[in-house]
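Below is one structure, written out as structure tokens; the observations come after it.
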Amino acid sequence: MRERDVPQEGNATLAGHRKAVYAVSDDGKLRLVSSRGWEVEEIVTRQAVEDLERRAMQARARARAGESSPLEYHMYRARMDVELLSQVTGLWRWRVRRHLKPAGFARLPPALKLRYAEALGISSEALDRVD
Amino acid sequence: MPDSFVHAHAAHCESGVMSSLLHHHGLPISEAMAFGLASALSFAYLPFIRINGLPLVSYRMPPRAVIKGLERSLGLDMRFETFRSPPAGMDRLDALLDAGRLVGLQTSVFWLPYFPPDLRFHFNAHNLLVYGREGDEYLISDPVAETTVRCAREDLRRARFAKGMLAPKGLLYYVAASPVAPDWVRIGRRALARTARIMLAPLPLIGVRGMKLLAWQIERLPLADGGEHARLYIGNIVRMQEEIGTGGGGFRFLYASFLQELAAKTGHAALDGLASRLVEIGDRWREFALAAARMIRGRDALSPPALAERLRALAAEEGVFFQSQHRVQRAWAP
């Protein structure tokens with residue numbers, strides 16, 4: 001990549017920041033160049049973010065319909081999945097899965113609820129709500 | 001507070017942190033040199049590690065490889081501390097800062113508020129430097145940020161004690177004694193040999209063979225669901241290659257810069273030729289990323305076999321490249 005070919009496409013995903021890339025300058029030496037982003041990066045980043053957002057929205061609809069617990073929505077909103085939530089809380093995956101169902105969630109003792117809330121970075125009361 | 005500290009923008013967090021840290025302690029070493037001397041370039045396809053349902057693809061050695069690699073090759077006197085209790089970890093950080101130390105931390109990107117929201121994923125091995133504190137805030141030099149930033153105590157605690165894969169456990173590190181200038185030829189040769197060996201390793205998931213295996217997997221991606229999964233799968237590969245602080249082309253440009261610098265430092269001109277070749281290979285990686293992104297957006301028809309073909313060509317090119325890197329290294333009389 002030549003220095004003049006470094007993309008400066010103003011990626012929304014960078015939120016105004018610039019990232020460093022390496023490119024060949026006119027004297028043939030590689031140099032650090034600040035880039036406002038490349039559309040390719042924006043496409044793949046938005047794709048990953050939108051996939052997580054879509055999962056969160058679907059979980060929200062399910063929670064409102066009473067098909068799943070608010071925990072599922074909050075899990076996806078925190079960009080996690082069952083695997084990660086299980087690692088972060090130290091609970092077995094099958095237990096996490098059980099708590100994603102309304103019946104399992106309703107039986108959660110306050111201590112466990114606090115553990116989930118702490119892992120997701122929200123308050124225990126917020127965990128009950130689906131905003 | 002280390003008042004002479006100078007922040008430097010870098011492509012990659014770990015090599016950037018080590019470059020700034022060693023600069024501060026009187027050994028000026030660029031990010032590219034830090035990356036290359038630690039033999040951090042690689043390729044790995046690890047299907048048994050899944051993140052949001054997608055396999056791990058990496059263009060470099062695992063986290064901490066740069067720090068540990070430099071510690072060994074430069075003979076650094078570094079200290080590493082992890083903590084069971086977050087308050088103990090925060091107190092220790094405060095004590096080191098008050099003693100005027102420049103401290104490196106391993107953190108989770110997700111809990112760092114100064115990161116752009118779209119880039120905050122659960123990646124637990126992000127490195128940054130803390131150079132001081134003011135009231136409730138820490139003064140941070142994050143190599144991937146253009147300028148220094150600030151982070152509240154509570155946020156930093158969360159980021160340092162995030163759990164899950166690669167959990168940092170509050171890891172902090174610092175340089176205990178000033179480093180001395182090394183024998184560049186000796187450690188340069190060793191670093192070149194190591195990277196060539198890894199890239200040509202006879203293991204199915206690593207290096208050139210890892211690329212071939214990934215190509216085979218891409219070719220077989222099911223399209224029955226309208227290509228939804230296939231698009232996410234190839235998007236993930238491109239994200240690991242371009243978006244997450246690689247300096248472009250999956251660290252290939254960064255490594256080429258290392259080869260150039262090593263050539264200038266040691267006068268071994270054959271390395272310049274290698275650098276130009278690797279820049280060309282990096283450009284092929286960028287073309288691969290562009291082709292993939294166009295398919296994801298639907299500008300071109302989704303064709304996993306076409307991408308697999310590109311990846312195979314890249315594997316062949318890198319195979320030849322690292323064989324010649326191996327030869328250059330062997331022929332380099334100390």
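By order in the structure tokens, chains are A, B, ...; within a chain, residues start at 1; ligands start at 1, following the order shown.
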Sorted by chain and rising residue number, which residues of chain B lie within 8 Å of chain A, and what are their closest atom pairs and distances in Å to one decimal, counting only C-alpha atoms, as a Markdown table?
```
| residue | atom | partner | partner_atom | distance |
| --- | --- | --- | --- | --- |
| B:His9 | CA | A:Ala20 | CA | 6.9 |
| B:Ala10 | CA | A:Ala20 | CA | 5.7 |
| B:Ala11 | CA | A:Ala20 | CA | 4.6 |
| B:Asn52 | CA | A:Asp81 | CA | 6.3 |
| B:Pro116 | CA | A:Ala15 | CA | 5.7 |
| B:Pro117 | CA | A:Thr13 | CA | 7.7 |
| B:Asp118 | CA | A:Thr13 | CA | 5.4 |
| B:Leu119 | CA | A:Thr13 | CA | 7.0 |
| B:Phe121 | CA | A:Arg79 | CA | 6.9 |
| B:His122 | CA | A:Arg79 | CA | 7.4 |
| B:Val144 | CA | A:Lys19 | CA | 6.6 |
| B:Ala145 | CA | A:Lys19 | CA | 7.2 |
| B:Glu146 | CA | A:Arg18 | CA | 6.7 |
| B:Ala162 | CA | A:Val88 | CA | 7.6 |
| B:Lys163 | CA | A:Val88 | CA | 4.9 |
| B:Gly164 | CA | A:Gln87 | CA | 4.8 |
| B:Met165 | CA | A:Gln87 | CA | 7.4 |
| B:Leu232 | CA | A:Gln47 | CA | 7.3 |
| B:Gly235 | CA | A:Val44 | CA | 5.2 |
| B:Asn236 | CA | A:Val44 | CA | 7.1 |
| B:Val238 | CA | A:Val44 | CA | 6.9 |
| B:Arg239 | CA | A:Val44 | CA | 5.8 |
| B:Glu242 | CA | A:Glu41 | CA | 6.3 |
| B:Glu243 | CA | A:Glu41 | CA | 5.4 |
| B:Gly245 | CA | A:Lys19 | CA | 7.7 |
| B:Thr246 | CA | A:Val21 | CA | 7.4 |
| B:Gly247 | CA | A:Val21 | CA | 3.8 |
| B:Gly248 | CA | A:Val21 | CA | 5.6 |
| B:Phe253 | CA | A:Tyr22 | CA | 5.7 |
| B:Leu254 | CA | A:Tyr22 | CA | 6.1 |
| B:Ala256 | CA | A:Leu30 | CA | 7.6 |
| B:Ser257 | CA | A:Leu30 | CA | 5.4 |
| B:Gln260 | CA | A:Lys29 | CA | 7.4 |
| B:Val279 | CA | A:Met1 | CA | 7.0 |
| B:Glu280 | CA | A:Met1 | CA | 7.9 |
| B:Gly282 | CA | A:Met1 | CA | 7.7 |
| B:Asp283 | CA | A:Met1 | CA | 6.0 |
| B:Ala289 | CA | A:Val40 | CA | 6.9 |
| B:Leu290 | CA | A:Val40 | CA | 6.0 |
| B:Ala293 | CA | A:Val40 | CA | 5.6 |
| B:Ile296 | CA | A:Ile43 | CA | 7.8 |
| B:Arg297 | CA | A:Ile43 | CA | 7.4 |
```
Would you mind listing what lies within 9 Å of range 112-114 of chain A as a PyMOL selection string, with only C-alpha atoms counted and same-chain residues fewer than 4 positions away left out?
chain A and resi 105+108+118-119+123-124+127
Can you pull out the residues contacting Ala63 in chain A? Cut-off 8 Å, using only C-alpha atoms, and skip same-chain residues under 6 positions away; I want them as a PyMOL selection string.
chain A and resi 69-70+72-73+130
Write out, as a PDB file, in the first residue's frame, the residues just selected, with C-alpha atoms.
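Generated output (again-v3.pdb):
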```pdb
ATOM      1  CA  SER A  69     -36.554 -13.991  30.154  1.00  0.00           C
ATOM      2  CA  PRO A  70     -35.204 -10.416  30.208  1.00  0.00           C
ATOM      3  CA  GLU A  72     -31.564 -13.096  27.252  1.00  0.00           C
ATOM      4  CA  TYR A  73     -32.116  -9.535  26.038  1.00  0.00           C
ATOM      5  CA  VAL A 130     -36.940  -4.833  29.203  1.00  0.00           C
TER       6      VAL A 130
END
```
Grab the CA of Arg115 in chain A to CA of Leu71 in chain A distance for me, in Å with one decimal place.
11.8 Å
Selected residue of minimal separation from Arg62 in chain A among A:Leu91, A:Ala117, A:Leu100, A:Ala126, counting only C-alpha atoms
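Residue with the minimum atom-to-atom distance to Arg62 in chain A: A:Leu100.
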Quick one: DSSP strand (DSSP E) residues in range 22-85 of chain A, as an NGL selection string?
:A and (22-24 or 30-35)
Hey, which of B:Gly210, B:Gly75, B:Gly170, B:Pro305 ends up closest to Pro222 in chain B? Count only C-alpha atoms.
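Counting only C-alpha atoms, the residue closest to Pro222 in chain B is B:Pro305.
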Pick from B:Asn127, B:Gln106, B:Ser73, B:Ser58 nearest to Met18 in chain B, counting only C-alpha atoms:
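Between B:Asn127, B:Gln106, B:Ser73, B:Ser58, the residue approaching Met18 in chain B most closely is B:Asn127.
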So which bits of chain A end up alpha helix (DSSP H) when you DSSP the backbone, as a ChimeraX atom specification?
/A:39-64,70-77,82-89,93-99,102-106,110-120,124-128
Could you turn the residues from that selection into a file that holds C-alpha atoms, as a PDB file, in the first residue's frame?
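Here's the written file again.pdb:
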```pdb
ATOM      1  CA  GLU A  39     -15.030   1.221   3.905  1.00  0.00           C
ATOM      2  CA  VAL A  40     -14.110  -2.460   4.073  1.00  0.00           C
ATOM      3  CA  GLU A  41     -13.443  -2.120   7.809  1.00  0.00           C
ATOM      4  CA  GLU A  42     -16.689  -0.304   8.329  1.00  0.00           C
ATOM      5  CA  ILE A  43     -18.653  -2.972   6.461  1.00  0.00           C
ATOM      6  CA  VAL A  44     -17.322  -5.869   8.523  1.00  0.00           C
ATOM      7  CA  THR A  45     -17.521  -4.020  11.839  1.00  0.00           C
ATOM      8  CA  ARG A  46     -21.094  -2.869  11.235  1.00  0.00           C
ATOM      9  CA  GLN A  47     -21.947  -6.408  10.173  1.00  0.00           C
ATOM     10  CA  ALA A  48     -20.706  -7.823  13.476  1.00  0.00           C
ATOM     11  CA  VAL A  49     -22.400  -5.091  15.530  1.00  0.00           C
ATOM     12  CA  GLU A  50     -25.673  -5.398  13.621  1.00  0.00           C
ATOM     13  CA  ASP A  51     -25.685  -9.167  14.112  1.00  0.00           C
ATOM     14  CA  LEU A  52     -25.489  -8.632  17.881  1.00  0.00           C
ATOM     15  CA  GLU A  53     -28.092  -5.850  17.759  1.00  0.00           C
ATOM     16  CA  ARG A  54     -30.437  -8.065  15.778  1.00  0.00           C
ATOM     17  CA  ARG A  55     -30.098 -10.829  18.338  1.00  0.00           C
ATOM     18  CA  ALA A  56     -30.851  -8.323  21.104  1.00  0.00           C
ATOM     19  CA  MET A  57     -33.957  -7.033  19.309  1.00  0.00           C
ATOM     20  CA  GLN A  58     -35.247 -10.547  18.687  1.00  0.00           C
ATOM     21  CA  ALA A  59     -34.645 -11.424  22.337  1.00  0.00           C
ATOM     22  CA  ARG A  60     -36.488  -8.261  23.375  1.00  0.00           C
ATOM     23  CA  ALA A  61     -39.508  -9.234  21.304  1.00  0.00           C
ATOM     24  CA  ARG A  62     -39.431 -12.734  22.792  1.00  0.00           C
ATOM     25  CA  ALA A  63     -39.131 -11.355  26.331  1.00  0.00           C
ATOM     26  CA  ARG A  64     -42.107  -9.050  25.775  1.00  0.00           C
ATOM     27  CA  PRO A  70     -35.204 -10.416  30.208  1.00  0.00           C
ATOM     28  CA  LEU A  71     -31.789 -11.968  30.867  1.00  0.00           C
ATOM     29  CA  GLU A  72     -31.564 -13.096  27.252  1.00  0.00           C
ATOM     30  CA  TYR A  73     -32.116  -9.535  26.038  1.00  0.00           C
ATOM     31  CA  HIS A  74     -29.580  -8.067  28.454  1.00  0.00           C
ATOM     32  CA  MET A  75     -27.061 -10.755  27.526  1.00  0.00           C
ATOM     33  CA  TYR A  76     -27.140  -9.852  23.835  1.00  0.00           C
ATOM     34  CA  ARG A  77     -27.267  -6.152  24.606  1.00  0.00           C
ATOM     35  CA  VAL A  82     -24.418 -18.051  26.407  1.00  0.00           C
ATOM     36  CA  GLU A  83     -20.810 -19.244  26.226  1.00  0.00           C
ATOM     37  CA  LEU A  84     -19.397 -15.892  27.337  1.00  0.00           C
ATOM     38  CA  LEU A  85     -22.037 -15.204  29.978  1.00  0.00           C
ATOM     39  CA  SER A  86     -21.331 -18.612  31.449  1.00  0.00           C
ATOM     40  CA  GLN A  87     -17.586 -17.869  31.592  1.00  0.00           C
ATOM     41  CA  VAL A  88     -18.103 -14.421  33.075  1.00  0.00           C
ATOM     42  CA  THR A  89     -20.501 -15.557  35.787  1.00  0.00           C
ATOM     43  CA  ARG A  93     -23.953 -23.251  30.452  1.00  0.00           C
ATOM     44  CA  TRP A  94     -27.003 -25.364  31.108  1.00  0.00           C
ATOM     45  CA  ARG A  95     -27.820 -23.205  34.131  1.00  0.00           C
ATOM     46  CA  VAL A  96     -27.482 -20.029  32.100  1.00  0.00           C
ATOM     47  CA  ARG A  97     -29.747 -21.534  29.446  1.00  0.00           C
ATOM     48  CA  ARG A  98     -32.314 -22.389  32.085  1.00  0.00           C
ATOM     49  CA  HIS A  99     -32.281 -18.788  33.307  1.00  0.00           C
ATOM     50  CA  PRO A 102     -39.104 -17.108  31.983  1.00  0.00           C
ATOM     51  CA  ALA A 103     -39.752 -19.934  34.477  1.00  0.00           C
ATOM     52  CA  GLY A 104     -36.072 -20.379  35.298  1.00  0.00           C
ATOM     53  CA  PHE A 105     -35.573 -16.627  35.592  1.00  0.00           C
ATOM     54  CA  ALA A 106     -38.564 -16.269  37.960  1.00  0.00           C
ATOM     55  CA  PRO A 110     -31.382 -12.492  44.569  1.00  0.00           C
ATOM     56  CA  ALA A 111     -27.725 -13.487  44.955  1.00  0.00           C
ATOM     57  CA  LEU A 112     -27.624 -15.081  41.516  1.00  0.00           C
ATOM     58  CA  LYS A 113     -29.500 -12.187  40.016  1.00  0.00           C
ATOM     59  CA  LEU A 114     -26.879  -9.864  41.438  1.00  0.00           C
ATOM     60  CA  ARG A 115     -24.165 -12.038  39.907  1.00  0.00           C
ATOM     61  CA  TYR A 116     -25.730 -11.677  36.471  1.00  0.00           C
ATOM     62  CA  ALA A 117     -26.295  -7.952  36.927  1.00  0.00           C
ATOM     63  CA  GLU A 118     -22.681  -7.450  37.990  1.00  0.00           C
ATOM     64  CA  ALA A 119     -21.426  -9.445  34.993  1.00  0.00           C
ATOM     65  CA  LEU A 120     -23.544  -7.391  32.606  1.00  0.00           C
ATOM     66  CA  SER A 124     -30.241  -5.882  39.696  1.00  0.00           C
ATOM     67  CA  GLU A 125     -33.499  -3.967  39.120  1.00  0.00           C
ATOM     68  CA  ALA A 126     -32.564  -3.140  35.536  1.00  0.00           C
ATOM     69  CA  LEU A 127     -32.133  -6.849  34.880  1.00  0.00           C
ATOM     70  CA  ASP A 128     -35.870  -7.391  35.458  1.00  0.00           C
TER      71      ASP A 128
END
```
Considering only C-alpha atoms, return as an mmCIF file with N, CA and C atoms, in the first residue's frame whatever protein or nucleic-acid residues lie within 6 Å of Ala40 in chain B, sequence-local ones (same chain, fewer than 4 positions apart) excluded.
```cif
data_model
loop_
_atom_site.group_PDB
_atom_site.id
_atom_site.type_symbol
_atom_site.label_atom_id
_atom_site.label_comp_id
_atom_site.auth_asym_id
_atom_site.auth_seq_id
_atom_site.Cartn_x
_atom_site.Cartn_y
_atom_site.Cartn_z
ATOM 1 N N PHE B 35 7.436 -5.595 17.318
ATOM 2 C CA PHE B 35 6.602 -6.664 16.776
ATOM 3 C C PHE B 35 7.462 -7.756 16.134
ATOM 4 N N ARG B 60 -1.611 -13.192 14.017
ATOM 5 C CA ARG B 60 -0.426 -12.992 14.850
ATOM 6 C C ARG B 60 -0.378 -14.055 15.936
ATOM 7 N N MET B 61 0.711 -14.038 16.698
ATOM 8 C CA MET B 61 0.867 -14.974 17.805
ATOM 9 C C MET B 61 -0.102 -14.583 18.924
ATOM 10 N N VAL B 66 4.218 -10.691 22.315
ATOM 11 C CA VAL B 66 5.147 -9.588 22.060
ATOM 12 C C VAL B 66 5.926 -9.267 23.339
#
```
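As for CA of Leu93 in chain B and CA of Thr147 in chain B, they are spaced 21.7 Å apart.
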For CA of Val175 in chain B and CA of Val103 in chain B, the interatomic separation in Å (one decimal)
8.2 Å
So which one's closest to Gln8 in chain A, A:Asp27, A:Trp92, A:Arg36, A:Gly66? Using only C-alpha atoms, please.
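Selected residue with least distance to Gln8 in chain A: A:Arg36.
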Give me, as a PyMOL selection string, all polymer residues having an atom no more than 12 Å from His268 in chain B, counting only C-alpha atoms and skipping those fewer than 5 positions away in the same chain.
chain B and resi 184-185+188-189+259-263+273-274+328-329+331-334
May I have the residues within 6 Å of range 153-160 of chain B as a count of residues only, using only C-alpha atoms and disregarding those fewer than 4 positions away in the same chain?
6
Shell of 10 Å around Val180 in chain B, only C-alpha atoms, local chain residues under 5 positions omitted, as an MDAnalysis selection string:
chainID B and resid 25:27 74:76
